[in-house]
file start38.txt (compact mmCIF, C-alpha atoms and all ligand atoms)
# COMPACT_ATOMS: atom_id res chain seq x y z
CA MET A 1390 0.00 0.00 0.00
CA GLU A 1391 2.98 2.32 0.49
CA ARG A 1392 2.94 5.25 -1.98
CA ARG A 1393 0.16 3.74 -4.02
CA TYR A 1394 -1.58 6.94 -5.04
CA ALA A 1395 1.20 8.46 -7.16
CA ARG A 1396 1.69 7.91 -10.89
CA ALA A 1397 4.93 8.69 -12.76
CA LEU A 1398 4.43 11.09 -15.67
CA GLY A 1399 7.55 9.84 -17.48
CA ASP A 1400 9.64 13.00 -17.21
CA GLY A 1401 10.63 12.81 -13.56
CA ARG A 1402 7.37 14.41 -12.49
CA LEU A 1403 4.70 12.60 -10.49
CA ARG A 1404 1.00 13.10 -10.17
CA CYS A 1405 -0.43 12.43 -6.71
CA GLY A 1406 -3.99 11.21 -7.04
CA LEU A 1407 -4.87 10.99 -3.39
CA CYS A 1408 -7.09 14.07 -3.33
CA HIS A 1409 -8.93 16.57 -5.52
CA HIS A 1410 -5.82 18.72 -5.96
CA GLY A 1411 -4.13 16.06 -8.12
CA CYS A 1412 -0.77 17.76 -7.51
CA VAL A 1413 1.79 17.42 -10.30
CA LEU A 1414 5.11 17.26 -8.48
CA ALA A 1415 8.39 18.10 -10.20
CA PRO A 1416 11.50 16.59 -8.58
CA GLY A 1417 11.99 18.31 -5.23
CA ALA A 1418 8.42 19.64 -5.08
CA VAL A 1419 6.01 19.17 -2.19
CA GLY A 1420 2.23 18.88 -2.53
CA VAL A 1421 -0.40 21.33 -1.28
CA CYS A 1422 -0.73 19.18 1.85
CA ARG A 1423 2.99 19.72 2.66
CA VAL A 1424 3.56 16.05 3.48
CA ARG A 1425 3.85 14.27 0.11
CA ALA A 1426 6.90 15.03 -2.03
CA ASN A 1427 8.78 14.07 -5.17
CA ARG A 1428 12.35 13.07 -4.32
CA GLY A 1429 14.25 12.06 -7.44
CA GLY A 1430 11.17 10.85 -9.27
CA THR A 1431 9.81 8.81 -6.36
CA LEU A 1432 6.97 9.77 -4.05
CA GLU A 1433 8.33 10.32 -0.58
CA LEU A 1434 6.34 10.58 2.63
CA PRO A 1435 8.76 12.58 4.77
CA TYR A 1436 6.33 12.84 7.68
CA ARG A 1437 5.17 9.23 7.69
CA GLY A 1438 4.45 8.29 11.31
CA ALA A 1439 5.26 11.80 12.55
CA VAL A 1440 2.74 12.12 15.37
CA SER A 1441 2.19 15.70 16.51
CA SER A 1442 -0.46 15.12 19.17
CA VAL A 1443 -1.64 12.28 21.36
CA GLY A 1444 -4.56 12.46 23.76
CA ILE A 1445 -7.35 10.53 25.40
CA ASP A 1446 -10.63 12.25 24.61
CA PRO A 1447 -14.31 11.58 25.24
CA ILE A 1448 -15.68 10.05 22.02
CA GLU A 1449 -18.27 12.86 22.13
CA LYS A 1450 -15.45 15.35 21.47
CA LYS A 1451 -14.76 14.00 17.95
CA PRO A 1452 -17.82 14.57 17.83
CA LEU A 1453 -19.46 11.15 17.68
CA TYR A 1454 -22.71 10.98 19.65
CA HIS A 1455 -24.04 7.68 18.28
CA PHE A 1456 -20.93 5.53 18.63
CA LEU A 1457 -19.78 3.93 21.90
CA PRO A 1458 -21.30 6.78 23.98
CA GLY A 1459 -19.57 7.61 27.23
CA THR A 1460 -16.28 5.95 26.28
CA SER A 1461 -12.81 7.42 25.81
CA VAL A 1462 -10.89 7.29 22.55
CA PHE A 1463 -7.11 7.22 22.13
CA SER A 1464 -6.54 10.05 19.67
CA VAL A 1465 -3.57 10.88 17.46
CA GLY A 1466 -2.83 13.76 15.12
CA TYR A 1467 -0.20 14.16 12.44
CA LEU A 1468 1.05 17.08 10.34
CA GLY A 1469 -0.41 18.67 7.23
CA CYS A 1470 -3.75 19.14 5.57
CA ASN A 1471 -4.95 19.48 1.99
CA LEU A 1472 -7.28 22.37 2.93
CA LYS A 1473 -6.42 25.88 4.16
CA CYS A 1474 -9.39 26.85 6.33
CA PRO A 1475 -8.61 30.37 7.59
CA PHE A 1476 -10.33 29.56 10.91
CA CYS A 1477 -8.49 26.27 11.52
CA GLN A 1478 -8.28 25.55 15.24
CA ASN A 1479 -5.31 23.26 14.71
CA PHE A 1480 -3.39 25.47 12.27
CA SER A 1481 -0.06 24.91 14.05
CA ILE A 1482 -0.09 21.27 12.93
CA SER A 1483 -2.29 21.47 9.81
CA GLN A 1484 -0.67 24.45 8.08
CA SER A 1485 2.92 23.88 9.12
CA THR A 1486 5.38 21.04 9.46
CA ASP A 1487 7.41 22.78 12.17
CA ALA A 1488 5.60 21.34 15.17
CA ARG A 1489 7.42 18.89 17.44
CA VAL A 1490 6.62 15.31 16.56
CA GLU A 1491 7.30 11.84 17.82
CA LEU A 1492 8.07 9.26 15.16
CA MET A 1493 5.88 6.22 15.63
CA SER A 1494 5.37 3.03 13.69
CA PRO A 1495 1.84 1.70 13.18
CA GLU A 1496 2.79 -1.05 15.65
CA SER A 1497 3.96 1.33 18.39
CA LEU A 1498 0.90 3.52 17.89
CA VAL A 1499 -1.49 0.61 18.25
CA ASP A 1500 0.45 -0.74 21.25
CA ALA A 1501 0.07 2.66 22.96
CA ALA A 1502 -3.66 2.68 22.18
CA VAL A 1503 -4.09 -0.81 23.63
CA LEU A 1504 -2.13 0.18 26.76
CA SER A 1505 -4.43 3.18 27.26
CA GLY A 1506 -7.38 0.86 27.83
CA CYS A 1507 -9.55 2.84 25.40
CA PRO A 1508 -11.84 0.73 23.21
CA SER A 1509 -11.08 2.80 20.12
CA LEU A 1510 -8.29 4.63 18.29
CA ALA A 1511 -9.01 7.90 16.45
CA HIS A 1512 -6.99 9.57 13.70
CA THR A 1513 -7.90 13.22 14.13
CA TYR A 1514 -6.73 16.81 14.93
CA SER A 1515 -5.02 17.57 11.55
CA GLU A 1516 -6.05 15.79 8.32
CA PRO A 1517 -5.34 12.06 8.63
CA LEU A 1518 -6.18 11.18 5.03
CA VAL A 1519 -3.06 12.84 3.62
CA HIS A 1520 -1.32 9.99 5.48
CA ALA A 1521 -3.73 7.38 4.13
CA GLU A 1522 -1.10 4.64 3.78
CA PHE A 1523 -0.01 4.92 7.43
CA VAL A 1524 -3.55 5.32 8.76
CA ALA A 1525 -4.83 2.28 6.86
CA GLN A 1526 -1.92 0.20 8.14
CA ALA A 1527 -2.52 1.32 11.73
CA MET A 1528 -6.24 0.61 11.39
CA ALA A 1529 -5.58 -2.93 10.15
CA LEU A 1530 -3.32 -3.61 13.16
CA ALA A 1531 -5.79 -1.98 15.56
CA ARG A 1532 -8.56 -4.27 14.35
CA GLU A 1533 -6.35 -7.30 14.94
CA LYS A 1534 -5.93 -6.11 18.54
CA GLY A 1535 -9.67 -5.68 19.05
CA LEU A 1536 -9.81 -1.88 18.84
CA LYS A 1537 -12.45 0.06 16.94
CA ASN A 1538 -11.15 2.55 14.38
CA VAL A 1539 -12.33 6.16 14.25
CA LEU A 1540 -11.54 8.78 11.61
CA VAL A 1541 -12.16 12.52 11.83
CA THR A 1542 -11.67 14.05 8.41
CA ASN A 1543 -12.45 16.78 5.92
CA GLY A 1544 -13.49 14.03 3.48
CA CYS A 1545 -11.38 15.43 0.66
CA ALA A 1546 -9.90 12.20 -0.64
CA ARG A 1547 -10.57 10.43 -3.91
CA GLU A 1548 -12.07 6.98 -4.01
CA GLU A 1549 -8.89 4.86 -4.05
CA ALA A 1550 -7.46 6.30 -0.84
CA ALA A 1551 -10.89 6.70 0.71
CA ARG A 1552 -11.63 3.01 0.21
CA ASP A 1553 -8.28 1.91 1.64
CA VAL A 1554 -9.06 3.70 4.90
CA LEU A 1555 -12.82 3.25 5.09
CA GLU A 1556 -12.69 -0.52 4.66
CA ARG A 1557 -10.80 -0.67 7.97
CA CYS A 1558 -12.78 2.08 9.69
CA ASP A 1559 -15.67 1.65 12.13
CA ALA A 1560 -16.83 5.24 12.61
CA VAL A 1561 -16.13 8.49 10.81
CA ASN A 1562 -17.00 12.11 11.42
CA VAL A 1563 -16.79 14.13 8.22
CA ASP A 1564 -16.69 17.93 8.09
CA LEU A 1565 -19.26 19.15 5.59
CA LYS A 1566 -18.23 22.76 5.73
CA THR A 1567 -20.64 24.52 3.39
CA TRP A 1568 -23.09 23.72 0.61
CA ASP A 1569 -21.56 26.36 -1.67
CA ALA A 1570 -19.03 24.80 -4.05
CA GLU A 1571 -17.43 28.17 -4.79
CA ARG A 1572 -16.85 28.91 -1.12
CA TYR A 1573 -15.49 25.38 -0.60
CA ARG A 1574 -12.94 25.95 -3.32
CA GLY A 1575 -12.16 29.63 -2.88
CA MET A 1576 -12.14 30.04 0.90
CA LEU A 1577 -10.96 26.58 1.93
CA GLY A 1578 -9.20 24.94 -1.01
CA GLY A 1579 -11.65 22.05 -0.74
CA ASP A 1580 -14.04 20.37 -3.14
CA LEU A 1581 -17.70 19.84 -2.32
CA ASP A 1582 -18.21 17.01 -4.83
CA THR A 1583 -15.27 15.08 -3.37
CA VAL A 1584 -16.69 15.38 0.15
CA LYS A 1585 -20.13 14.31 -1.04
CA ALA A 1586 -18.64 11.27 -2.79
CA PHE A 1587 -16.63 10.42 0.33
CA LEU A 1588 -19.75 10.52 2.50
CA ALA A 1589 -21.72 8.41 0.04
CA LEU A 1590 -18.91 5.86 -0.09
CA ALA A 1591 -18.66 5.66 3.71
CA VAL A 1592 -22.41 5.09 4.06
CA GLY A 1593 -22.36 2.54 1.24
CA MET A 1594 -19.51 0.64 2.89
CA GLY A 1595 -21.44 0.35 6.16
CA VAL A 1596 -19.21 2.66 8.20
CA HIS A 1597 -20.93 4.52 11.03
CA VAL A 1598 -21.13 8.11 9.74
CA GLU A 1599 -21.71 11.42 11.50
CA ALA A 1600 -21.12 14.87 10.02
CA THR A 1601 -20.12 18.24 11.42
CA THR A 1602 -20.79 21.73 10.13
CA LEU A 1603 -18.97 24.53 11.89
CA VAL A 1604 -21.28 27.54 11.57
CA VAL A 1605 -18.86 30.17 10.26
CA PRO A 1606 -19.92 33.73 9.33
CA GLY A 1607 -19.78 34.15 5.56
CA LEU A 1608 -19.30 30.44 4.92
CA SER A 1609 -22.09 28.39 6.43
CA ASP A 1610 -24.25 30.69 8.56
CA ASP A 1611 -27.30 30.99 6.33
CA GLU A 1612 -30.33 28.76 6.00
CA ALA A 1613 -29.59 27.74 2.42
CA GLN A 1614 -26.29 26.15 3.42
CA VAL A 1615 -27.78 24.12 6.24
CA GLU A 1616 -30.83 23.17 4.17
CA GLY A 1617 -28.62 21.80 1.40
CA ILE A 1618 -26.39 19.90 3.81
CA ALA A 1619 -29.28 18.36 5.74
CA ALA A 1620 -31.20 17.32 2.62
CA PHE A 1621 -28.10 15.69 1.15
CA LEU A 1622 -27.27 13.77 4.33
CA ALA A 1623 -30.88 12.62 4.64
CA SER A 1624 -30.75 11.35 1.05
CA LEU A 1625 -27.76 9.16 2.02
CA SER A 1626 -29.23 7.98 5.30
CA PRO A 1627 -31.60 9.61 7.80
CA ALA A 1628 -29.58 7.88 10.52
CA ILE A 1629 -26.65 10.28 10.04
CA ALA A 1630 -26.22 12.61 13.00
CA LEU A 1631 -25.38 16.21 12.06
CA HIS A 1632 -23.48 18.36 14.55
CA LEU A 1633 -23.80 22.13 14.22
CA SER A 1634 -20.94 23.64 16.14
CA ALA A 1635 -19.97 27.20 16.98
CA TYR A 1636 -17.09 29.03 15.34
CA ARG A 1637 -14.84 31.33 17.34
CA PRO A 1638 -12.20 33.69 15.91
CA MET A 1639 -9.01 31.78 15.17
CA TYR A 1640 -5.91 31.86 12.99
CA ARG A 1641 -6.65 34.22 10.07
CA TYR A 1642 -10.42 34.64 10.51
CA HIS A 1643 -11.60 37.41 12.79
CA GLU A 1644 -15.38 37.56 12.33
CA PRO A 1645 -17.29 37.55 15.65
CA ALA A 1646 -18.04 34.16 17.24
CA THR A 1647 -21.26 32.37 16.28
CA GLY A 1648 -24.11 33.01 18.72
CA LEU A 1649 -26.01 30.10 20.24
CA GLY A 1650 -29.29 31.61 19.00
CA LEU A 1651 -28.16 31.28 15.39
CA ILE A 1652 -27.05 27.69 15.97
CA GLY A 1653 -30.49 26.92 17.40
CA ARG A 1654 -32.30 28.49 14.42
CA LEU A 1655 -30.14 26.60 11.91
CA ALA A 1656 -30.65 23.36 13.85
CA ALA A 1657 -34.41 23.83 13.46
CA VAL A 1658 -33.88 24.17 9.70
CA ALA A 1659 -31.79 20.99 9.56
CA ARG A 1660 -34.40 19.07 11.56
CA ARG A 1661 -36.89 19.50 8.72
CA ASP A 1662 -34.88 16.80 6.92
CA LEU A 1663 -32.80 15.01 9.53
CA PRO A 1664 -34.03 13.50 12.77
CA TRP A 1665 -30.67 13.59 14.52
CA VAL A 1666 -29.32 17.14 14.70
CA TYR A 1667 -27.16 18.23 17.61
CA GLU A 1668 -26.43 21.84 18.33
CA TRP A 1669 -23.51 23.09 20.35
CA THR A 1670 -24.99 24.65 23.49
CA GLY A 1671 -21.79 25.77 25.17
CA GLY A 1672 -22.56 23.33 27.98
CA LEU A 1673 -25.57 25.48 28.97
CA ALA A 1674 -28.17 22.80 28.26
CA PRO A 1675 -28.00 19.02 28.23
CA SER A 1676 -27.95 17.24 24.90
CA VAL A 1677 -30.36 14.32 24.81
CA THR A 1678 -30.82 11.41 22.42
CA ALA A 1679 -34.37 10.19 22.99
CA CYS A 1680 -36.02 6.98 21.82
CA ARG A 1681 -38.09 7.73 18.74
CA SER A 1682 -40.55 5.05 19.74
CA CYS A 1683 -41.36 5.75 23.42
CA GLY A 1684 -39.54 9.04 24.07
CA ALA A 1685 -37.36 7.70 26.89
CA PRO A 1686 -33.93 9.35 27.15
CA LEU A 1687 -31.31 6.97 25.74
CA VAL A 1688 -28.21 9.13 26.19
CA VAL A 1689 -27.98 12.36 28.20
CA ARG A 1690 -24.88 14.54 27.87
CA HIS A 1691 -23.96 17.41 30.18
CA GLY A 1692 -20.88 18.67 28.38
CA TYR A 1693 -18.70 15.58 28.32
CA ARG A 1694 -20.44 13.90 31.26
CA VAL A 1695 -22.45 11.20 29.56
CA ASP A 1696 -25.18 8.91 30.88
CA ALA A 1697 -26.03 6.18 28.37
CA GLY A 1698 -28.10 4.22 30.88
CA GLY A 1699 -31.21 4.41 28.70
CA LEU A 1700 -29.62 1.95 26.31
CA SER A 1701 -29.33 -1.78 26.55
CA GLY A 1702 -26.68 -2.44 23.94
CA SER A 1703 -28.04 -0.51 20.99
CA VAL A 1704 -31.75 -0.72 21.84
CA CYS A 1705 -33.97 1.30 24.14
CA ARG A 1706 -33.90 -0.16 27.66
CA ALA A 1707 -37.52 0.96 28.22
CA CYS A 1708 -39.30 -0.35 25.11
CA GLY A 1709 -36.72 -2.39 23.18
CA ALA A 1710 -36.94 -0.25 20.05
CA PRO A 1711 -33.76 0.03 17.97
CA SER A 1712 -31.73 3.21 18.34
CA PRO A 1713 -29.27 4.94 16.00
CA VAL A 1714 -26.47 4.28 18.51
CA ARG A 1715 -23.77 1.70 17.77
CA ASN A 1716 -22.66 0.28 21.07
CA GLY A 1717 -20.26 -2.44 20.03
S1 LIG A 1801 -2.63 14.44 -1.03
FE1 LIG A 1801 -1.25 16.20 -1.05
S2 LIG A 1801 0.20 15.84 -2.73
FE2 LIG A 1801 -1.55 14.43 -3.01
S3 LIG A 1801 -2.94 15.52 -4.41
FE3 LIG A 1801 -3.60 16.00 -2.33
S4 LIG A 1801 -2.56 17.88 -1.74
FE4 LIG A 1801 -1.52 17.06 -3.55
S1 LIG A 1802 -9.70 20.75 7.05
FE1 LIG A 1802 -9.57 20.79 9.29
S2 LIG A 1802 -7.37 20.56 9.75
FE2 LIG A 1802 -7.56 21.14 7.59
S3 LIG A 1802 -7.33 23.36 7.57
FE3 LIG A 1802 -9.53 22.89 7.62
S4 LIG A 1802 -10.07 22.91 9.81
FE4 LIG A 1802 -7.82 22.75 9.68

call {"tool": "encode", "arguments": {"input": "start38.txt", "output": "structure tokens", "more": "lines below"}}
Ligand code: SF4
Ligand code: SF4
result
Amino acid sequence: MERRYARALGDGRLRCGLCHHGCVLAPGAVGVCRVRANRGGTLELPYRGAVSSVGIDPIEKKPLYHFLPGTSVFSVGYLGCNLKCPFCQNFSISQSTDARVELMSPESLVDAAVLSGCPSLAHTYSEPLVHAEFVAQAMALAREKGLKNVLVTNGCAREEAARDVLERCDAVNVDLKTWDAERYRGMLGGDLDTVKAFLALAVGMGVHVEATTLVVPGLSDDEAQVEGIAAFLASLSPAIALHLSAYRPMYRYHEPATGLGLIGRLAAVARRDLPWVYEWTGGLAPSVTACRSCGAPLVVRHGYRVDAGGLSGSVCRACGAPSPVRNG
């Protein structure tokens, strides 16, 4: 699987086909993502296994609300990203390769995850898919050791790389940042069609899928954006949970923070199409997943304090109806 997404162009240049950019790399050149390079006509991955961040997080922080609720997830981040979101909260590792890293092999990473006692391992924080070879290898090992695999991604990967990772993945949260293709391209360097195809592939492959839209002024803070996103997700599967989260000024974007009132209004718009819409409340109100059959609370979240006692496995403890939650 190593370096499988690059094709030689016959003149020393390479084309990387991992993502929508399709970078043509002359010898010595580095791709838009900063972590895939042409060294003497061969694709090099100079930051392979360079882990910039390790943490143990609540699974709800990814955010995943319908997957192993109330558990912790061993989380790792790398370097680089193929997008350039001006409000990136992790810009020091996504937009630079200068951060301190620890070199890890897939084996040592999975060993550390097993030692942590967490039931799952997440690839998150920066953009994991620009390291698709490493992530897929780590996911294969993690499965052998009985861990569940989690991916948090911008979804900007073409089918070949997406498949390699998704076929080993148990749960994914995909950023669907706006429904405006121009804004995706111009403001973020992303590609809406690629993200849509990634989401459709993940659903089709049976991966547990949730999506996140950060409500950013001038990008995704109007009804039309949320309407388009919710209708599309519902067309893939009404079981997809959509998280509407609040932007705050960061990196190169200085618009005022998103108000909770706006998040609430946009959540109401999304709920016209999708049954499972979660709005960031700033910890001011509990977030509840209720049984759609009898109304009993299945999971109640106060910030990251989670009570999933309303579930018996993945069904409602009160009435036995199935829930959208995967609990194993
Ligand atoms: S993964 Fe990186 S090098 Fe490959 S096409 Fe995308 S941005 Fe370019
Ligand atoms: S896709 Fe995520 S990691 Fe990449 S620049 Fe945007 S917010 Fe940052």

call {"tool": "closest_residue", "arguments": {"input": "start38.txt", "among": "A:Met1576, A:Leu1472, A:Leu1434, A:Ala1439", "to": "ligand LIG 1802 (chain A)", "atoms": "all atoms listed in the file"}}
result
A:Leu1472

call {"tool": "atom_distance", "arguments": {"input": "start38.txt", "atom1": "CA of Gly1650 (chain A)", "atom2": "CA of Arg1690 (chain A)"}}
result
19.7 Å

call {"tool": "residues_near_ligand", "arguments": {"input": "start38.txt", "ligand": "ligand LIG 1802 (chain A)", "cutoff": "7 Å", "atoms": "all atoms listed in the file", "output": "VMD selection string"}}
result
chain A and resid 1470 to 1474 1476 to 1480 1483 to 1484 1514 to 1516 1543 1577

call {"tool": "closest_residue", "arguments": {"input": "start38.txt", "among": "A:Asp1580, A:Glu1496, A:Glu1449, A:Glu1616", "to": "ligand LIG 1801 (chain A)", "atoms": "only C-alpha atoms and all ligand atoms"}}
result
A:Asp1580

call {"tool": "atom_distance", "arguments": {"input": "start38.txt", "atom1": "CA of Arg1393 (chain A)", "atom2": "CA of Pro1416 (chain A)"}}
result
17.7 Å

call {"tool": "closest_residue", "arguments": {"input": "start38.txt", "among": "A:Tyr1636, A:Phe1456, A:Tyr1467, A:Tyr1394", "to": "ligand LIG 1801 (chain A)", "atoms": "only C-alpha atoms and all ligand atoms"}}
result
A:Tyr1394

call {"tool": "atom_distance", "arguments": {"input": "start38.txt", "atom1": "atom FE1 of ligand LIG 1801 (chain A)", "atom2": "CA of Asp1582 (chain A)"}}
result
17.4 Å

call {"tool": "residues_around", "arguments": {"input": "start38.txt", "residues": "Leu1687 (chain A)", "least_positions_apart": "5", "cutoff": "8 Å", "atoms": "all atoms listed in the file", "output": "ChimeraX atom specification"}}
result
/A:1677-1680,1697-1700,1705-1706

call {"tool": "closest_residue", "arguments": {"input": "start38.txt", "among": "A:Arg1428, A:Arg1532, A:His1632, A:His1643", "to": "Leu1565 (chain A)", "atoms": "all atoms listed in the file"}}
result
A:His1632

call {"tool": "closest_residue", "arguments": {"input": "start38.txt", "among": "A:His1520, A:Lys1451, A:His1512, A:Arg1402", "to": "ligand LIG 1801 (chain A)", "atoms": "only C-alpha atoms and all ligand atoms"}}
result
A:His1520

call {"tool": "closest_residue", "arguments": {"input": "start38.txt", "among": "A:Val1605, A:Val1596, A:Leu1588, A:Leu1581", "to": "Leu1622 (chain A)", "atoms": "all atoms listed in the file"}}
result
A:Leu1588

call {"tool": "residues_around", "arguments": {"input": "start38.txt", "residues": "Ser1497 (chain A)", "least_positions_apart": "3", "cutoff": "12 Å", "atoms": "all atoms listed in the file", "output": "PyMOL selection string"}}
result
chain A and resi 1438+1440+1491-1494+1500-1504+1526-1527+1530-1531

call {"tool": "residues_near_ligand", "arguments": {"input": "start38.txt", "ligand": "ligand LIG 1801 (chain A)", "cutoff": "7 Å", "atoms": "all atoms listed in the file", "output": "list of chain:residue names"}}
result
A:Cys1405, A:Gly1406, A:Leu1407, A:Cys1408, A:His1409, A:His1410, A:Gly1411, A:Cys1412, A:Val1419, A:Gly1420, A:Val1421, A:Cys1422, A:Arg1423, A:Val1424, A:Arg1425, A:Ala1426, A:Asn1471, A:Val1519

call {"tool": "residues_around", "arguments": {"input": "start38.txt", "residues": "Tyr1642 (chain A)", "least_positions_apart": "3", "cutoff": "8 Å", "atoms": "only C-alpha atoms", "output": "JSON, numbers by chain"}}
result
{"A": [1475, 1476, 1638, 1639]}

call {"tool": "build_atoms", "arguments": {"input": "start38.txt", "residues": "region 1534-1559 of chain A", "atoms": "N, CA and C atoms", "output": "short mmCIF file (atom, residue, chain, number, x, y, z; two decimals), in the coordinates of the input"}}
result
data_model
loop_
_atom_site.label_atom_id
_atom_site.label_comp_id
_atom_site.auth_asym_id
_atom_site.auth_seq_id
_atom_site.Cartn_x
_atom_site.Cartn_y
_atom_site.Cartn_z
N LYS A 1534 -6.06 -6.17 17.07
CA LYS A 1534 -5.93 -6.11 18.54
C LYS A 1534 -7.26 -5.84 19.22
N GLY A 1535 -8.34 -5.83 18.45
CA GLY A 1535 -9.67 -5.68 19.05
C GLY A 1535 -10.13 -4.26 19.26
N LEU A 1536 -9.40 -3.28 18.71
CA LEU A 1536 -9.81 -1.88 18.84
C LEU A 1536 -10.76 -1.50 17.71
N LYS A 1537 -11.65 -0.56 17.99
CA LYS A 1537 -12.45 0.06 16.94
C LYS A 1537 -11.67 1.24 16.35
N ASN A 1538 -11.87 1.47 15.07
CA ASN A 1538 -11.15 2.55 14.38
C ASN A 1538 -12.07 3.73 14.10
N VAL A 1539 -11.58 4.92 14.43
CA VAL A 1539 -12.33 6.16 14.25
C VAL A 1539 -11.51 7.10 13.38
N LEU A 1540 -12.18 7.80 12.49
CA LEU A 1540 -11.54 8.78 11.61
C LEU A 1540 -12.30 10.10 11.71
N VAL A 1541 -11.56 11.18 11.86
CA VAL A 1541 -12.16 12.52 11.83
C VAL A 1541 -11.49 13.25 10.67
N THR A 1542 -12.27 13.65 9.68
CA THR A 1542 -11.67 14.05 8.41
C THR A 1542 -12.45 15.14 7.70
N ASN A 1543 -11.76 15.82 6.79
CA ASN A 1543 -12.45 16.78 5.92
C ASN A 1543 -13.08 16.08 4.71
N GLY A 1544 -12.85 14.79 4.55
CA GLY A 1544 -13.49 14.03 3.48
C GLY A 1544 -12.99 14.35 2.08
N CYS A 1545 -11.89 15.08 1.98
CA CYS A 1545 -11.38 15.43 0.66
C CYS A 1545 -10.33 14.41 0.21
N ALA A 1546 -10.79 13.22 -0.08
CA ALA A 1546 -9.90 12.20 -0.64
C ALA A 1546 -10.66 11.49 -1.75
N ARG A 1547 -9.94 11.16 -2.81
CA ARG A 1547 -10.57 10.43 -3.91
C ARG A 1547 -10.81 8.98 -3.52
N GLU A 1548 -11.53 8.28 -4.40
CA GLU A 1548 -12.07 6.98 -4.01
C GLU A 1548 -11.00 5.96 -3.61
N GLU A 1549 -9.88 5.91 -4.33
CA GLU A 1549 -8.89 4.86 -4.05
C GLU A 1549 -8.40 4.95 -2.61
N ALA A 1550 -7.96 6.13 -2.22
CA ALA A 1550 -7.46 6.30 -0.84
C ALA A 1550 -8.60 6.20 0.16
N ALA A 1551 -9.75 6.76 -0.20
CA ALA A 1551 -10.89 6.70 0.71
C ALA A 1551 -11.25 5.25 1.02
N ARG A 1552 -11.29 4.42 0.00
CA ARG A 1552 -11.63 3.01 0.21
C ARG A 1552 -10.61 2.31 1.11
N ASP A 1553 -9.32 2.57 0.86
CA ASP A 1553 -8.28 1.91 1.64
C ASP A 1553 -8.46 2.15 3.14
N VAL A 1554 -8.88 3.36 3.48
CA VAL A 1554 -9.06 3.70 4.90
C VAL A 1554 -10.43 3.24 5.39
N LEU A 1555 -11.46 3.53 4.61
CA LEU A 1555 -12.82 3.25 5.09
C LEU A 1555 -13.08 1.76 5.28
N GLU A 1556 -12.40 0.91 4.49
CA GLU A 1556 -12.69 -0.52 4.66
C GLU A 1556 -12.13 -1.06 5.98
N ARG A 1557 -11.32 -0.27 6.66
CA ARG A 1557 -10.80 -0.67 7.97
C ARG A 1557 -11.39 0.18 9.10
N CYS A 1558 -12.29 1.05 8.75
CA CYS A 1558 -12.78 2.08 9.69
C CYS A 1558 -14.16 1.69 10.23
N ASP A 1559 -14.37 1.96 11.52
CA ASP A 1559 -15.67 1.65 12.13
C ASP A 1559 -16.58 2.87 12.20
#
